[in-house]
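**Q** Structure file coords-v9.cif, mmCIF, C-alpha atoms, is pasted below:
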data_run
#
loop_
_atom_site.label_atom_id
_atom_site.label_comp_id
_atom_site.auth_asym_id
_atom_site.auth_seq_id
_atom_site.Cartn_x
_atom_site.Cartn_y
_atom_site.Cartn_z
CA MET V 30 3.73 3.63 7.77
CA SER V 31 0.97 1.80 9.58
CA ALA V 32 -0.79 -1.35 8.49
CA ARG V 33 -4.29 -1.26 7.03
CA VAL V 34 -6.96 -1.80 9.68
CA LEU V 35 -10.32 -3.30 8.73
CA MET V 36 -13.18 -3.71 11.19
CA TYR V 37 -16.48 -5.49 10.70
CA THR V 38 -18.94 -3.51 12.80
CA THR V 39 -22.58 -2.55 13.44
CA ALA V 40 -24.27 0.74 14.34
CA VAL V 41 -24.64 -0.06 18.03
CA CYS V 42 -21.60 -1.96 19.27
CA PRO V 43 -19.83 -0.95 22.50
CA TYR V 44 -16.95 -3.35 21.80
CA CYS V 45 -16.46 -1.79 18.36
CA THR V 46 -16.25 1.63 20.01
CA MET V 47 -13.72 0.39 22.56
CA ALA V 48 -11.65 -1.27 19.84
CA GLU V 49 -11.69 1.94 17.81
CA ARG V 50 -10.63 3.96 20.86
CA LEU V 51 -7.73 1.57 21.54
CA LEU V 52 -6.58 1.70 17.91
CA LYS V 53 -6.79 5.51 17.87
CA SER V 54 -4.72 5.65 21.07
CA LYS V 55 -2.07 3.70 19.13
CA GLY V 56 -2.03 6.34 16.38
CA ILE V 57 -4.37 4.66 13.87
CA ASP V 58 -6.36 7.42 12.17
CA THR V 59 -8.05 5.40 9.47
CA ILE V 60 -10.13 2.33 10.18
CA GLU V 61 -11.88 0.80 7.22
CA LYS V 62 -15.31 -0.23 8.47
CA ILE V 63 -17.71 -2.75 7.01
CA ARG V 64 -21.20 -2.41 8.47
CA VAL V 65 -22.66 -5.91 8.62
CA ASP V 66 -26.01 -4.56 9.84
CA LEU V 67 -26.41 -2.57 6.61
CA GLU V 68 -24.92 -5.22 4.33
CA PRO V 69 -26.08 -8.71 5.35
CA GLU V 70 -23.95 -10.32 2.64
CA GLN V 71 -20.90 -8.84 4.38
CA ARG V 72 -21.87 -10.63 7.62
CA VAL V 73 -21.94 -13.90 5.65
CA ALA V 74 -18.50 -13.11 4.19
CA MET V 75 -17.19 -12.19 7.67
CA MET V 76 -18.45 -15.48 9.13
CA GLU V 77 -16.89 -17.45 6.27
CA LYS V 78 -13.56 -15.66 6.69
CA THR V 79 -13.34 -15.62 10.48
CA GLY V 80 -15.56 -18.47 11.64
CA ARG V 81 -17.15 -16.01 14.08
CA ARG V 82 -20.57 -14.37 14.23
CA THR V 83 -19.87 -11.45 16.56
CA VAL V 84 -18.57 -7.95 15.90
CA PRO V 85 -16.12 -6.41 15.93
CA GLN V 86 -13.92 -8.64 13.82
CA ILE V 87 -10.65 -6.83 13.27
CA TYR V 88 -7.99 -7.32 10.64
CA ILE V 89 -4.62 -5.62 10.82
CA GLY V 90 -3.00 -6.03 7.43
CA ASP V 91 -3.67 -9.67 6.51
CA THR V 92 -3.82 -10.81 10.14
CA HIS V 93 -7.21 -11.63 11.66
CA VAL V 94 -6.89 -10.30 15.20
CA GLY V 95 -10.41 -11.21 16.33
CA GLY V 96 -12.62 -9.09 18.56
CA PHE V 97 -11.97 -6.41 21.16
CA ASP V 98 -10.81 -8.87 23.84
CA ASP V 99 -8.25 -10.31 21.40
CA LEU V 100 -7.08 -6.82 20.43
CA SER V 101 -6.78 -5.81 24.06
CA ALA V 102 -4.82 -8.99 24.91
CA LEU V 103 -2.38 -8.31 22.03
CA ASP V 104 -1.86 -4.82 23.41
CA ARG V 105 -1.17 -6.12 26.93
CA GLU V 106 1.35 -8.61 25.51
CA GLY V 107 3.11 -5.80 23.63
CA LYS V 108 2.34 -7.41 20.26
CA LEU V 109 -0.15 -4.82 18.97
CA ALA V 110 2.25 -1.96 18.17
CA PRO V 111 4.56 -4.06 15.93
CA LEU V 112 1.52 -5.45 14.10
CA LEU V 113 0.15 -1.93 13.55
CA GLN V 114 3.52 -0.82 12.19
CA GLY V 115 3.36 -3.61 9.64
CA GLU V 116 6.28 -5.54 11.13
#
Take the structure from the file and write it as structure tokens.
**A**
Amino acid sequence: MSARVLMYTTAVCPYCTMAERLLKSKGIDTIEKIRVDLEPEQRVAMMEKTGRRTVPQIYIGDTHVGGFDDLSALDREGKLAPLLQGE
């Protein structure tokens, strides 16, 4: 069973697309997306939770991974797969 993946995103966001592609390549079919461009109050909540203004902001389970660069770095370090498997 894989961990729940949540991504704060906007309509036009190349890094969101790249993050999604990376997650899909790891076997993640379902990504729960929160569109901060459609729901401004969600952007406020995202900034309060993460301390960051930019998208994507990615959560795997209860872990705040960060943006695409952070996700990509985790993958390179071999730490992404265990996180996605909920370990």
**Q** For a cutoff of 9 Å around the file-coordinate point (-18.1, -10.1, 17.3), which residues qualify once you count all atoms listed in the file? I'd like the result as a PDB file with C-alpha atoms, keeping the file's coordinate frame.
**A**
ATOM      1  CA  TYR V  37     -16.480  -5.490  10.700  1.00  0.00           C
ATOM      2  CA  THR V  38     -18.940  -3.510  12.800  1.00  0.00           C
ATOM      3  CA  TYR V  44     -16.950  -3.350  21.800  1.00  0.00           C
ATOM      4  CA  CYS V  45     -16.460  -1.790  18.360  1.00  0.00           C
ATOM      5  CA  ARG V  81     -17.150 -16.010  14.080  1.00  0.00           C
ATOM      6  CA  ARG V  82     -20.570 -14.370  14.230  1.00  0.00           C
ATOM      7  CA  THR V  83     -19.870 -11.450  16.560  1.00  0.00           C
ATOM      8  CA  VAL V  84     -18.570  -7.950  15.900  1.00  0.00           C
ATOM      9  CA  PRO V  85     -16.120  -6.410  15.930  1.00  0.00           C
ATOM     10  CA  GLN V  86     -13.920  -8.640  13.820  1.00  0.00           C
ATOM     11  CA  GLY V  95     -10.410 -11.210  16.330  1.00  0.00           C
ATOM     12  CA  GLY V  96     -12.620  -9.090  18.560  1.00  0.00           C
ATOM     13  CA  PHE V  97     -11.970  -6.410  21.160  1.00  0.00           C
TER      14      PHE V  97
END
**Q** Quick one: residues within 10 Å of stretch 52-63 of chain V, only C-alpha atoms counted, chain neighbours fewer than 4 positions away excluded, as an MDAnalysis selection string?
**A** chainID V and resid 31:39 46:48 67:68 71:72 75 85:89 100:101 104 109:110 113:114
**Q** What is the atom CA of V:Leu112-atom CA of V:Gly90 distance in Å, reported with one decimal?
**A**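 Atom-to-atom, atom CA of V:Leu112 to atom CA of V:Gly90, that is 8.1 Å.
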**Q** What does the distance from atom CA of V:Asp66 to atom CA of V:Leu103 come to in Å, to one decimal?
**A**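 Separation between atom CA of V:Asp66 and atom CA of V:Leu103: 26.9 Å.
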**Q** Could you tell me how far atom CA of V:Thr79 lies from atom CA of V:Pro43, in Å and to one decimal?
**A** 20.0 Å
